[in-house]
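Participant: The structure is given below, and queries will be raised subsequently.
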Amino acid sequence: IGHGAEIDICAYWKRVLLWDYVYFHESWTELEGLPYTGKYQQQLTDLVKRAHKAGLKVILYTGAVISEFAEETFHYLDECAVEPLAVGYWRTATEPQLCYYHSLTGQWQNMMLYKLDKLIREYDIDGLYFDGSFCPPEDKNRWHGAGYSDEKGNLQFTTPIFGYRQWAQRLRKMVDEIKPGFQLDVHVAGILPASMSYADSLWTGEQYLMIADAFHGGVLQKCFTLDAFRANCTGRQFSLHADYLTYPKKKQWRLDNAQTFSLLHGIPIREEQDIKLTRALLQVGLDIFSPDWRPYYLNGKELETSSPDVKLSYFKGKNGQWLIIVANLGNTEGVFDVKFKAPIPNMPIGQSMRSVEDGKFLGKFDGSLKIPLAPWKPVIILTE
């Protein structure tokens with residue numbers, strides 16, 4: 001937010017990188033998890049105005065923890081903290097601080113809704129990004145009704161599923177009244193709670209890469225299967241599918257590793273999706289809820305492959321173009337054959353095939369592919 005007027009960074013994000021939204025992580029506020037800022041008021045106001053002028057929408061971060069330095073923490077920690085009290089995050093990048101898990105239930109829920117209402121009205125933001133704060137925590141804090149005593153008098157955990165559903169429901173109603181079209185974007189891993197039915201979008205993925213990096217030498221397939229990805233990230237359970245997340249800064253959290261899983265399901269990669277791939281997805285109008293999207297698990301009877309490790313998904317796009325994603329899920333590099341058993345409607349016979357990554361000509365499409373594939377590095381092809 002410190003860019004000078006000589007660089008219209010918002011216009012660059014929109015026109016060159018093809019972004020629709022700007023997601024602003026935690027550093028928009030000096031106090032982690034508290035939805036207001038005293039230090040960056042003018043900068044945030046300027047950013048939102050410049051983004052809106054460029055046609056971008058702004059989504060701000062809030063999380064499942066609150067700063068040790070907030071006045072609210074001093075006054076209300078006993079009431080709002082998850083117990084046993086635990087540090088959920090140590091913020092180090094800006095304004096270092098310890099942060100405690102809190103429960104969005106009871107009177108604290110009212111407090112947070114009040115502050116979010118004020119934030120939206122004051123800065124005209126377009127959405128909120130919830131990092132874990134749609135997920136009810138295991139908790140023993142009797143102040144807000146969590147926990148119970150067992151037959152021996154020992155305090156045990158409860159999980160406020162209905163309290164968090166109420167939180168999401170109230171939040172949805174509030175933002176729709178303030179600003180129709182407001183985006184509730186949820187970051188969560190694994191189990192998807194009842195509160196998700198009030199969300200607009202979902203992203204997940206980093207957790208599996210962490211597990212792979214910590215325990216499996218960065219080999220994602222040792223802790224995650226295609227079926228698990230389908231269950232976690234696709235479908236109509238909430239009338240939305242997941243976006244997938246990876247970070248380029250970690251040695252093992254490679255983009256290829258994540259894309260091999262995600263793109264076979266038509267799921268984009270957040271943060272690191274290549275501009276060329278974005279353009280290709282927009283060019284064909286990818287829609288994974290369309291009958292024109294044929295993922296690998298639906299086209300098995302249409303295709304023959306020289307190896308069961310090779311999977312192919314495709315989309316029949318606008319203007320007769322096809323987008324084809326093919327990947328080798330094995331551990332051996334090679335040249336593999338993929339062939340359609342019979343012609344299918346709108347097959348782009350005779351069209352040129354080009355690699356989306358480097359634009360390389362891959363031959364004319366004749367219903368089959370003979371393609372070199374490295375392990376866990378997807379090849380994305382666009383016909384033309």
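How things are named: the first chain in the structure tokens is A, the next is B, and so on; residues count from 1 in each chain; ligands count from 1 in the order shown.
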Leaving out Thr159 of chain A and any residue of its chain fewer than 4 positions from it, which residues lie within 7 Å of it when counting only C-alpha atoms, given as a compact mmCIF listing (two decimals) with all heavy atoms, in the first residue's frame?

Facilitator:
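Generated output (selection.txt):
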```txt
# COMPACT_ATOMS: atom_id res chain seq x y z
N PRO A 136 -15.50 -24.50 14.24
CA PRO A 136 -15.69 -24.53 15.69
C PRO A 136 -14.56 -25.29 16.39
O PRO A 136 -14.25 -26.42 16.01
CB PRO A 136 -17.03 -25.24 15.86
CG PRO A 136 -17.22 -26.03 14.61
CD PRO A 136 -16.54 -25.26 13.52
N PRO A 137 -13.94 -24.69 17.41
CA PRO A 137 -12.82 -25.34 18.09
C PRO A 137 -13.29 -26.23 19.26
O PRO A 137 -14.34 -25.98 19.87
CB PRO A 137 -12.02 -24.16 18.63
CG PRO A 137 -13.09 -23.14 18.93
CD PRO A 137 -14.16 -23.32 17.88
N GLU A 138 -12.52 -27.24 19.56
CA GLU A 138 -12.73 -27.97 20.82
C GLU A 138 -12.41 -27.03 21.97
O GLU A 138 -11.38 -26.34 21.95
CB GLU A 138 -11.84 -29.20 20.88
CG GLU A 138 -12.26 -30.31 19.94
CD GLU A 138 -11.46 -31.58 20.20
OE1 GLU A 138 -10.35 -31.49 20.76
OE2 GLU A 138 -11.95 -32.67 19.84
N ASP A 139 -13.25 -27.01 23.00
CA ASP A 139 -13.15 -25.93 23.97
C ASP A 139 -13.70 -26.39 25.32
O ASP A 139 -14.64 -27.19 25.39
CB ASP A 139 -13.96 -24.74 23.44
CG ASP A 139 -13.78 -23.46 24.23
OD1 ASP A 139 -12.91 -23.41 25.13
OD2 ASP A 139 -14.52 -22.50 23.94
```

Participant: Could you give me the residues within segment 127-240 of chain A that DSSP places in helix (DSSP H, G or I), as number ranges by chain?

Facilitator: A: 142-144, 161-178, 194-198, 206-215, 220-222, 226-233

Participant: Would you kindly return, as a PyMOL selection string, each protein, DNA or RNA residue with an atom no farther than 8 Å from any atom of Trp28 of chain A, considering only C-alpha atoms and excluding same-chain residues fewer than 3 positions away?

Facilitator: chain A and resi 24-25+37+40+44+60

Participant: Mind dumping the selected residues with N, CA and C atoms as a PDB file, in the first residue's frame?

Facilitator:
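Saved file out-v9.pdb follows:
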```
ATOM      1  N   PHE A  24      -6.002  -9.100   0.947  1.00  0.00           N
ATOM      2  CA  PHE A  24      -5.007  -8.434   1.788  1.00  0.00           C
ATOM      3  C   PHE A  24      -4.871  -9.237   3.073  1.00  0.00           C
ATOM      4  N   HIS A  25      -3.679  -9.803   3.254  1.00  0.00           N
ATOM      5  CA  HIS A  25      -3.446 -10.654   4.425  1.00  0.00           C
ATOM      6  C   HIS A  25      -3.360  -9.800   5.686  1.00  0.00           C
ATOM      7  N   THR A  37      -8.322  -0.913  12.188  1.00  0.00           N
ATOM      8  CA  THR A  37      -6.950  -0.405  12.228  1.00  0.00           C
ATOM      9  C   THR A  37      -6.952   1.053  12.649  1.00  0.00           C
ATOM     10  N   TYR A  40      -3.247   2.224  10.063  1.00  0.00           N
ATOM     11  CA  TYR A  40      -3.217   2.214   8.598  1.00  0.00           C
ATOM     12  C   TYR A  40      -4.522   2.705   7.972  1.00  0.00           C
ATOM     13  N   LEU A  44      -5.350   2.198   3.950  1.00  0.00           N
ATOM     14  CA  LEU A  44      -6.396   1.257   3.572  1.00  0.00           C
ATOM     15  C   LEU A  44      -7.483   1.955   2.754  1.00  0.00           C
ATOM     16  N   LEU A  60     -10.450  -8.467   2.857  1.00  0.00           N
ATOM     17  CA  LEU A  60      -9.528  -8.359   3.987  1.00  0.00           C
ATOM     18  C   LEU A  60      -9.538  -9.626   4.836  1.00  0.00           C
TER      19      LEU A  60
END
```

Participant: Quick one: residues within 9 Å of Leu373 of chain A, only C-alpha atoms, excluding same-chain residues fewer than 2 positions away - as a ChimeraX atom specification?

Facilitator: /A:310,326-328,332-336,371,375-379

Participant: Tell me, as a VMD selection string, which residues lie within 8 Å of segment 169-185 of chain A, counting only C-alpha atoms; anything in the same chain fewer than 6 positions away does not count.

Facilitator: chain A and resid 59 113 117 120 to 121 126 to 130 195 198 to 203

Participant: Give me, as number ranges by chain, all polymer residues having an atom no more than 7 Å from Leu323 of chain A, counting only C-alpha atoms and skipping those fewer than 3 positions away in the same chain.

Facilitator: A: 314-317, 381-383

Participant: Keeping only N, CA and C atoms, write those residues as an mmCIF file, in the first residue's frame.

Facilitator:
```cif
data_model
loop_
_atom_site.group_PDB
_atom_site.id
_atom_site.type_symbol
_atom_site.label_atom_id
_atom_site.label_comp_id
_atom_site.auth_asym_id
_atom_site.auth_seq_id
_atom_site.Cartn_x
_atom_site.Cartn_y
_atom_site.Cartn_z
ATOM 1 N N TYR A 314 -10.434 -33.145 -19.634
ATOM 2 C CA TYR A 314 -10.530 -32.177 -20.725
ATOM 3 C C TYR A 314 -11.829 -31.387 -20.623
ATOM 4 N N PHE A 315 -11.809 -30.231 -21.281
ATOM 5 C CA PHE A 315 -12.986 -29.357 -21.315
ATOM 6 C C PHE A 315 -13.248 -28.914 -22.745
ATOM 7 N N LYS A 316 -14.484 -29.080 -23.184
ATOM 8 C CA LYS A 316 -14.892 -28.623 -24.506
ATOM 9 C C LYS A 316 -15.237 -27.141 -24.397
ATOM 10 N N GLY A 317 -14.322 -26.309 -24.843
ATOM 11 C CA GLY A 317 -14.460 -24.890 -24.611
ATOM 12 C C GLY A 317 -15.195 -24.139 -25.698
ATOM 13 N N ILE A 381 -2.683 -28.424 -22.340
ATOM 14 C CA ILE A 381 -2.697 -28.278 -23.799
ATOM 15 C C ILE A 381 -3.960 -27.512 -24.206
ATOM 16 N N LEU A 382 -3.785 -26.595 -25.136
ATOM 17 C CA LEU A 382 -4.914 -25.863 -25.702
ATOM 18 C C LEU A 382 -4.933 -26.130 -27.197
ATOM 19 N N THR A 383 -6.076 -26.545 -27.741
ATOM 20 C CA THR A 383 -6.192 -26.739 -29.184
ATOM 21 C C THR A 383 -6.639 -25.425 -29.831
#
```

Participant: Could you list, as an MDAnalysis selection string, every residue within 12 Å of segment 290-294 of chain A, counting only C-alpha atoms and ignoring same-chain residues fewer than 4 positions away?

Facilitator: chainID A and resid 263:267 284:286 298:303 311:318 320:325 344:347

Participant: Could you check the closest approach to Leu47 of chain A for each of A:Asp20, A:Glu68, A:Asp213, A:Asp124 and tell me which residue wins, using only C-alpha atoms?

Facilitator: A:Asp124

Participant: Please measure the separation of atom CA of Asp78 of chain A and atom CA of Trp108 of chain A, giving the value in Å to one decimal.

Facilitator: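 The value is 10.8 Å.
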